[in-house]
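S.K.: Following this line is start36.pdb, made up of PDB, C-alpha atoms:
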```pdb
ATOM      1  CA  MET A 231     -10.459  10.959   6.129
ATOM      2  CA  GLU A 232      -8.053  11.894   8.885
ATOM      3  CA  LEU A 233      -4.959   9.775   9.573
ATOM      4  CA  ARG A 234      -2.648   9.731  12.568
ATOM      5  CA  PRO A 235       0.905   8.383  12.466
ATOM      6  CA  ILE A 236       1.354   5.030  14.170
ATOM      7  CA  GLY A 237       5.114   5.503  14.304
ATOM      8  CA  THR A 238       8.148   7.061  12.687
ATOM      9  CA  VAL A 239      11.057   6.069  10.473
ATOM     10  CA  ARG A 240      13.803   6.552  13.002
ATOM     11  CA  SER A 241      17.090   5.954  11.289
ATOM     12  CA  VAL A 242      18.212   5.011   7.835
ATOM     13  CA  ARG A 243      21.511   3.421   6.877
ATOM     14  CA  GLY A 244      21.542   2.556   3.228
ATOM     15  CA  GLU A 245      18.812   0.023   2.594
ATOM     16  CA  ILE A 246      18.251  -0.571   6.324
ATOM     17  CA  SER A 247      15.662   1.434   8.286
ATOM     18  CA  GLU A 248      14.153   1.313  11.727
ATOM     19  CA  ILE A 249      10.464   1.891  12.329
ATOM     20  CA  GLU A 250       9.563   2.946  15.845
ATOM     21  CA  VAL A 251       5.920   2.305  16.670
ATOM     22  CA  LEU A 252       4.157   4.469  19.258
ATOM     23  CA  PRO A 253       4.290   2.891  22.735
ATOM     24  CA  GLU A 254       0.503   2.758  23.016
ATOM     25  CA  LEU A 255       0.300   0.762  19.756
ATOM     26  CA  ALA A 256       3.311  -1.492  20.334
ATOM     27  CA  ASP A 257       1.132  -4.445  21.291
ATOM     28  CA  GLY A 258      -0.200  -4.333  17.735
ATOM     29  CA  LEU A 259       3.164  -5.855  16.733
ATOM     30  CA  TYR A 260       2.437  -9.061  18.649
ATOM     31  CA  ARG A 261       3.833 -12.011  16.625
ATOM     32  CA  ILE A 262       4.760  -9.800  13.666
ATOM     33  CA  GLY A 263       8.164 -11.511  13.676
ATOM     34  CA  GLU A 264       6.571 -14.522  12.006
ATOM     35  CA  ASN A 265       6.418 -12.532   8.764
ATOM     36  CA  ARG A 266       9.417 -12.139   6.497
ATOM     37  CA  LYS A 267       7.902  -9.400   4.390
ATOM     38  CA  LEU A 268       5.732  -6.441   5.271
ATOM     39  CA  LEU A 269       3.972  -3.659   3.447
ATOM     40  CA  ILE A 270       4.715  -0.256   4.994
ATOM     41  CA  LEU A 271       2.480   2.748   4.358
ATOM     42  CA  PHE A 272       4.052   6.090   5.189
ATOM     43  CA  GLN A 273       3.556   9.755   4.542
ATOM     44  CA  PHE A 274       5.689  11.589   1.967
ATOM     45  CA  HIS A 275       5.973  14.353   4.532
ATOM     46  CA  ARG A 276       8.309  16.520   2.454
ATOM     47  CA  SER A 277       5.947  16.607  -0.539
ATOM     48  CA  GLU A 278       3.423  19.323  -1.335
ATOM     49  CA  GLY A 279       1.002  19.575  -4.222
ATOM     50  CA  PHE A 280       1.097  17.451  -7.349
ATOM     51  CA  ASP A 281       1.039  17.509 -11.128
ATOM     52  CA  LEU A 282      -1.322  15.287 -13.098
ATOM     53  CA  ARG A 283       1.481  14.294 -15.499
ATOM     54  CA  VAL A 284       5.028  13.698 -14.387
ATOM     55  CA  HIS A 285       8.388  12.613 -15.731
ATOM     56  CA  PRO A 286       9.187   9.369 -13.870
ATOM     57  CA  LYS A 287      12.023   9.777 -11.388
ATOM     58  CA  GLY A 288      11.953  13.525 -12.069
ATOM     59  CA  ASP A 289      14.050  12.932 -15.182
ATOM     60  CA  ALA A 290      12.901  15.132 -18.066
ATOM     61  CA  GLY A 291      14.312  12.465 -20.377
ATOM     62  CA  ASN A 292      11.591  10.061 -19.261
ATOM     63  CA  PRO A 293       8.345  10.520 -21.249
ATOM     64  CA  LEU A 294       5.405  11.960 -19.310
ATOM     65  CA  VAL A 295       2.976   9.600 -17.591
ATOM     66  CA  GLY A 296      -0.010  10.269 -15.355
ATOM     67  CA  VAL A 297       0.700  10.656 -11.657
ATOM     68  CA  PHE A 298      -1.216   7.401 -10.979
ATOM     69  CA  ALA A 299       1.048   5.644 -13.475
ATOM     70  CA  SER A 300       4.061   6.876 -11.504
ATOM     71  CA  ARG A 301       5.555   6.533  -8.052
ATOM     72  CA  ALA A 302       6.062  10.291  -7.693
ATOM     73  CA  PRO A 303       5.932  11.377  -4.043
ATOM     74  CA  ARG A 304       4.010  14.506  -5.048
ATOM     75  CA  ARG A 305       0.538  12.996  -5.521
ATOM     76  CA  PRO A 306      -3.058  13.799  -4.524
ATOM     77  CA  ASN A 307      -2.686  11.722  -1.353
ATOM     78  CA  PRO A 308       1.045  11.657  -0.575
ATOM     79  CA  ILE A 309       1.223   8.129   0.779
ATOM     80  CA  GLY A 310       4.157   5.860   0.058
ATOM     81  CA  ALA A 311       3.768   2.085   0.031
ATOM     82  CA  THR A 312       6.809  -0.148   0.078
ATOM     83  CA  GLU A 313       7.308  -3.841   0.531
ATOM     84  CA  VAL A 314      10.171  -4.498   2.908
ATOM     85  CA  ARG A 315      11.991  -7.442   4.372
ATOM     86  CA  LEU A 316      11.652  -7.728   8.144
ATOM     87  CA  LEU A 317      15.056  -8.262   9.704
ATOM     88  CA  LYS A 318      14.479  -7.812  13.440
ATOM     89  CA  VAL A 319      11.861  -6.946  16.055
ATOM     90  CA  GLU A 320      12.946  -5.427  19.359
ATOM     91  CA  GLY A 321      10.140  -4.092  21.491
ATOM     92  CA  ALA A 322       8.407  -1.395  19.446
ATOM     93  CA  VAL A 323      11.215  -1.127  16.889
ATOM     94  CA  LEU A 324      11.244  -2.995  13.587
ATOM     95  CA  THR A 325      14.428  -3.195  11.541
ATOM     96  CA  VAL A 326      13.571  -3.516   7.869
ATOM     97  CA  GLU A 327      15.347  -3.636   4.535
ATOM     98  CA  GLY A 328      14.174  -1.804   1.418
ATOM     99  CA  LEU A 329      12.073   1.037   2.833
ATOM    100  CA  ASP A 330      12.475   4.089   0.595
ATOM    101  CA  ALA A 331      11.300   6.607   3.200
ATOM    102  CA  PHE A 332      13.194   9.526   4.681
ATOM    103  CA  GLU A 333      14.302   9.765   8.293
ATOM    104  CA  GLY A 334      11.368  11.180  10.227
ATOM    105  CA  SER A 335       8.665   9.988   7.818
ATOM    106  CA  PRO A 336       5.400   9.340   9.651
ATOM    107  CA  VAL A 337       4.423   5.684   9.355
ATOM    108  CA  LEU A 338       0.706   5.132   8.733
ATOM    109  CA  ASP A 339       0.324   1.377   8.667
ATOM    110  CA  ILE A 340       2.175  -1.917   8.753
ATOM    111  CA  LYS A 341       0.649  -4.987   7.114
ATOM    112  CA  PRO A 342       1.848  -8.517   6.541
ATOM    113  CA  LEU A 343       2.174  -9.511   2.912
ATOM    114  CA  VAL A 344      -0.297 -12.142   1.991
ATOM    115  CA  ARG A 345      -0.268 -14.437  -0.960
ATOM    116  CA  ARG A 346      -2.742 -12.474  -3.052
ATOM    117  CA  ASP A 347      -0.503  -9.401  -2.898
ATOM    118  CA  LEU A 348       2.159 -10.989  -4.976
ATOM    119  CA  LEU A 349      -0.078 -12.623  -7.560
ATOM    120  CA  VAL A 350       2.808 -15.047  -8.039
ATOM    121  CA  PRO A 351       1.431 -17.695  -5.698
ATOM    122  CA  ASP A 352       3.888 -20.501  -6.234
ATOM    123  CA  LEU A 353       6.905 -18.379  -5.510
ATOM    124  CA  HIS A 354       5.822 -16.380  -2.479
ATOM    125  CA  GLY A 355       8.290 -16.645   0.357
ATOM    126  CA  LYS A 356      10.825 -18.722  -1.518
ATOM    127  CA  ASP A 357      13.416 -16.066  -2.282
TER     128      ASP A 357
ATOM    129  CA  MET B 277      -2.825  14.110   7.756
ATOM    130  CA  GLU B 278      -6.029  14.668   5.812
ATOM    131  CA  LEU B 279      -6.863  12.534   2.779
ATOM    132  CA  ARG B 280      -9.439  13.075   0.061
ATOM    133  CA  PRO B 281     -10.791  10.286  -2.132
ATOM    134  CA  ILE B 282      -9.473  10.299  -5.682
ATOM    135  CA  GLY B 283     -12.271   8.005  -6.833
ATOM    136  CA  THR B 284     -14.668   5.258  -5.857
ATOM    137  CA  VAL B 285     -15.076   1.522  -6.268
ATOM    138  CA  ARG B 286     -18.123   1.588  -8.495
ATOM    139  CA  SER B 287     -19.216  -1.937  -9.089
ATOM    140  CA  VAL B 288     -18.036  -5.349  -8.037
ATOM    141  CA  ARG B 289     -18.777  -8.634  -9.772
ATOM    142  CA  GLY B 290     -16.874 -11.440  -8.161
ATOM    143  CA  GLU B 291     -13.170 -10.737  -8.521
ATOM    144  CA  ILE B 292     -13.778  -7.911 -11.022
ATOM    145  CA  SER B 293     -14.168  -4.284  -9.864
ATOM    146  CA  GLU B 294     -14.376  -0.915 -11.501
ATOM    147  CA  ILE B 295     -12.602   2.118 -10.115
ATOM    148  CA  GLU B 296     -14.008   5.432 -11.200
ATOM    149  CA  VAL B 297     -11.533   8.275 -10.806
ATOM    150  CA  LEU B 298     -12.792  11.825 -10.236
ATOM    151  CA  PRO B 299     -13.096  13.744 -13.523
ATOM    152  CA  GLU B 300     -10.660  16.435 -12.396
ATOM    153  CA  LEU B 301      -8.005  13.782 -11.699
ATOM    154  CA  ALA B 302      -8.654  11.573 -14.734
ATOM    155  CA  ASP B 303      -5.631  12.926 -16.576
ATOM    156  CA  GLY B 304      -3.522  11.354 -13.826
ATOM    157  CA  LEU B 305      -4.324   8.022 -15.521
ATOM    158  CA  TYR B 306      -2.417   9.015 -18.668
ATOM    159  CA  ARG B 307      -0.610   5.906 -19.994
ATOM    160  CA  ILE B 308      -1.590   3.799 -16.980
ATOM    161  CA  GLY B 309      -2.671   1.084 -19.432
ATOM    162  CA  GLU B 310       0.989   0.196 -19.936
ATOM    163  CA  ASN B 311       0.955  -1.430 -16.492
ATOM    164  CA  ARG B 312      -0.416  -4.903 -15.951
ATOM    165  CA  LYS B 313      -0.478  -4.670 -12.163
ATOM    166  CA  LEU B 314      -1.367  -1.828  -9.845
ATOM    167  CA  LEU B 315      -1.416  -1.209  -6.119
ATOM    168  CA  ILE B 316      -4.739   0.259  -4.979
ATOM    169  CA  LEU B 317      -5.052   2.098  -1.660
ATOM    170  CA  PHE B 318      -8.598   2.504  -0.418
ATOM    171  CA  GLN B 319     -10.494   3.328   2.717
ATOM    172  CA  PHE B 320     -12.141   0.605   4.788
ATOM    173  CA  HIS B 321     -15.116   2.918   5.029
ATOM    174  CA  ARG B 322     -17.301   0.487   6.948
ATOM    175  CA  SER B 323     -14.732  -0.010   9.724
ATOM    176  CA  GLU B 324     -14.633   1.819  13.031
ATOM    177  CA  GLY B 325     -12.166   1.499  15.878
ATOM    178  CA  PHE B 326      -9.641  -1.305  16.281
ATOM    179  CA  ASP B 327      -8.254  -3.891  18.668
ATOM    180  CA  LEU B 328      -4.512  -4.264  19.210
ATOM    181  CA  ARG B 329      -4.780  -8.056  18.954
ATOM    182  CA  VAL B 330      -7.095  -9.811  16.540
ATOM    183  CA  HIS B 331      -8.044 -13.271  15.381
ATOM    184  CA  PRO B 332      -7.083 -13.360  11.674
ATOM    185  CA  LYS B 333     -10.108 -13.405   9.376
ATOM    186  CA  GLY B 334     -12.315 -12.848  12.423
ATOM    187  CA  ASP B 335     -12.130 -16.573  13.157
ATOM    188  CA  ALA B 336     -11.784 -17.253  16.888
ATOM    189  CA  GLY B 337     -10.067 -20.507  15.927
ATOM    190  CA  ASN B 338      -7.105 -18.542  14.571
ATOM    191  CA  PRO B 339      -4.589 -17.648  17.300
ATOM    192  CA  LEU B 340      -4.355 -13.954  18.207
ATOM    193  CA  VAL B 341      -1.848 -11.757  16.401
ATOM    194  CA  GLY B 342      -1.179  -8.024  16.605
ATOM    195  CA  VAL B 343      -3.266  -5.821  14.341
ATOM    196  CA  PHE B 344      -0.110  -4.916  12.375
ATOM    197  CA  ALA B 345       0.519  -8.631  11.833
ATOM    198  CA  SER B 346      -2.966  -8.936  10.368
ATOM    199  CA  ARG B 347      -4.987  -7.625   7.459
ATOM    200  CA  ALA B 348      -7.947  -6.720   9.671
ATOM    201  CA  PRO B 349      -9.952  -3.809   8.239
ATOM    202  CA  ARG B 350     -10.415  -2.411  11.743
ATOM    203  CA  ARG B 351      -6.988  -0.823  12.260
ATOM    204  CA  PRO B 352      -5.564   2.473  13.544
ATOM    205  CA  ASN B 353      -5.593   3.910  10.010
ATOM    206  CA  PRO B 354      -8.247   1.940   8.118
ATOM    207  CA  ILE B 355      -6.512   1.839   4.757
ATOM    208  CA  GLY B 356      -6.629  -1.207   2.534
ATOM    209  CA  ALA B 357      -3.841  -1.957   0.058
ATOM    210  CA  THR B 358      -4.340  -4.531  -2.656
ATOM    211  CA  GLU B 359      -2.375  -5.517  -5.691
ATOM    212  CA  VAL B 360      -4.666  -5.946  -8.666
ATOM    213  CA  ARG B 361      -4.416  -6.893 -12.287
ATOM    214  CA  LEU B 362      -5.397  -4.107 -14.686
ATOM    215  CA  LEU B 363      -7.832  -5.416 -17.277
ATOM    216  CA  LYS B 364      -9.130  -2.315 -19.041
ATOM    217  CA  VAL B 365      -8.980   1.474 -19.067
ATOM    218  CA  GLU B 366     -11.929   3.452 -20.441
ATOM    219  CA  GLY B 367     -11.780   7.156 -19.789
ATOM    220  CA  ALA B 368     -11.699   7.587 -16.014
ATOM    221  CA  VAL B 369     -12.747   4.001 -15.286
ATOM    222  CA  LEU B 370     -10.302   1.190 -14.575
ATOM    223  CA  THR B 371     -11.473  -2.399 -14.632
ATOM    224  CA  VAL B 372      -9.348  -4.486 -12.290
ATOM    225  CA  GLU B 373      -9.193  -8.020 -10.978
ATOM    226  CA  GLY B 374      -8.510  -8.934  -7.361
ATOM    227  CA  LEU B 375      -9.565  -5.803  -5.467
ATOM    228  CA  ASP B 376     -11.045  -6.845  -2.129
ATOM    229  CA  ALA B 377     -12.940  -3.594  -1.520
ATOM    230  CA  PHE B 378     -16.656  -3.047  -1.098
ATOM    231  CA  GLU B 379     -18.866  -1.201  -3.555
ATOM    232  CA  GLY B 380     -18.613   2.474  -2.667
ATOM    233  CA  SER B 381     -15.172   2.278  -1.027
ATOM    234  CA  PRO B 382     -13.305   5.572  -1.399
ATOM    235  CA  VAL B 383     -10.117   5.056  -3.396
ATOM    236  CA  LEU B 384      -7.119   6.961  -2.031
ATOM    237  CA  ASP B 385      -4.330   6.183  -4.464
ATOM    238  CA  ILE B 386      -3.373   4.151  -7.509
ATOM    239  CA  LYS B 387       0.276   3.216  -8.084
ATOM    240  CA  PRO B 388       2.061   1.103 -10.633
ATOM    241  CA  LEU B 389       3.865  -1.891  -9.224
ATOM    242  CA  VAL B 390       7.557  -1.583  -9.576
ATOM    243  CA  ARG B 391      10.177  -4.238  -9.372
ATOM    244  CA  ARG B 392      11.225  -3.539  -5.787
ATOM    245  CA  ASP B 393       7.669  -4.145  -4.582
ATOM    246  CA  LEU B 394       7.807  -7.771  -5.401
ATOM    247  CA  LEU B 395      11.289  -8.521  -4.106
ATOM    248  CA  VAL B 396      11.250 -11.390  -6.614
ATOM    249  CA  PRO B 397      13.055  -9.490  -9.362
ATOM    250  CA  ASP B 398      13.580 -12.188 -11.920
ATOM    251  CA  LEU B 399       9.959 -13.180 -12.020
ATOM    252  CA  HIS B 400       8.192  -9.831 -12.096
ATOM    253  CA  GLY B 401       5.722  -9.582 -14.925
ATOM    254  CA  LYS B 402       6.166 -13.111 -16.150
ATOM    255  CA  ASP B 403       3.032 -14.708 -14.797
TER     256      ASP B 403
END
```
I'd like the structure from this file rewritten - as structure tokens, please.
M.R.:
Amino acid sequence: MELRPIGTVRSVRGEISEIEVLPELADGLYRIGENRKLLILFQFHRSEGFDLRVHPKGDAGNPLVGVFASRAPRRPNPIGATEVRLLKVEGAVLTVEGLDAFEGSPVLDIKPLVRRDLLVPDLHGKD
Amino acid sequence: MELRPIGTVRSVRGEISEIEVLPELADGLYRIGENRKLLILFQFHRSEGFDLRVHPKGDAGNPLVGVFASRAPRRPNPIGATEVRLLKVEGAVLTVEGLDAFEGSPVLDIKPLVRRDLLVPDLHGKD
């Protein structure tokens, strides 16, 4: 399966990031501002290779777990997935809070969070 | 970016699915059973192409939104992302609840859910 970036993480200031979507895909953001939370898929573009067992957070003091039981960026398919809070939409640029991606990370997808994602139905959207 | 499946959705009975991980990657599941919830990334392998604006759930009665404001399977990078409940681990096979993938869908990644995903910190894991 071949993926193409749909945009890029453009700047990061603490917990705040901007995602710039490609001009030709910007219309895909139509009415996205009605969502408070989004799921962002991005490429761990600085990661190569993987180990099947890892120490979480790269801390040798943490007992080994399988790579699929960890959030290690070095994984068979180096895709990150983070839920973020949508703060602002300006043209093709989304300002979000909580994205743990590096500046320059290729963004692969943006999805609204739907109720079944949280599996905590009664509380979704109330925080 | 080129992705390779790490496994396959093997059987689906209602809300219950099995994910069979490739034998050479099975050790990446080490201690995954300590997680109650997982995020599954998979390929919408029956989807081709995309529209920039879509009617949610394919229902023309739903007002148009951008593809990134929708969960449409036809999207620039046809990756699905679903939070599931982990029911059982047997060798390289995970039994999960809530995966909205078809039989035969290539699985791209399995991740534990961590607190920041939910953005509802006090309630994580209590349901």
S.K.: Skipping near chain neighbours, those fewer than 4 positions away, what residues fall within 10 Å of A:Val242 using only C-alpha atoms, listed as a list in words?
M.R.: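 That gives Ile246, Ser247, Glu248, Ile249, Thr325, Val326, Glu327, Leu329, Asp330, Ala331, Phe332, Glu333 and Gly334 of chain A.
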S.K.: Counting only C-alpha atoms, figure out which residue out of B:Leu279, B:Pro352, B:Lys364, B:Ser346 gets nearest to A:Leu252.
M.R.: B:Pro352
S.K.: As a check of understanding, name the residues that the PyMOL selection byres ((chain B and resi 296) around 9) selects in the supplied structure, as a list in words.
M.R.: Ile282, Gly283, Thr284, Val285, Arg286, Glu294, Ile295, Val297, Leu298, Pro299, Ala302, Ala368, Val369, Leu370, Thr371 and Val383 of chain B
S.K.: Could you list, as a PyMOL selection string, the residues of chain B having an atom within 8 Å of chain A when counting only C-alpha atoms?
M.R.: chain B and resi 277-280+282+301+303-308+311+328-329+341-347+352-353+355+358-360+384-388+392-396+403
S.K.: Figure out the distance between atom CA of A:Arg304 and atom CA of A:Phe272, please, to one decimal in Å.
M.R.: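 Distance between the two atoms: 13.3 Å.
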S.K.: Can you measure atom CA of B:Ser287 to atom CA of B:His331 for me? One decimal in Å is fine.
M.R.: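 Here the two named atoms are 29.2 Å from each other.
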S.K.: What separation in Å, quoted to one decimal, exists between atom CA of A:Leu316 and atom CA of B:Asn338?
M.R.: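 So the answer is 22.6 Å.
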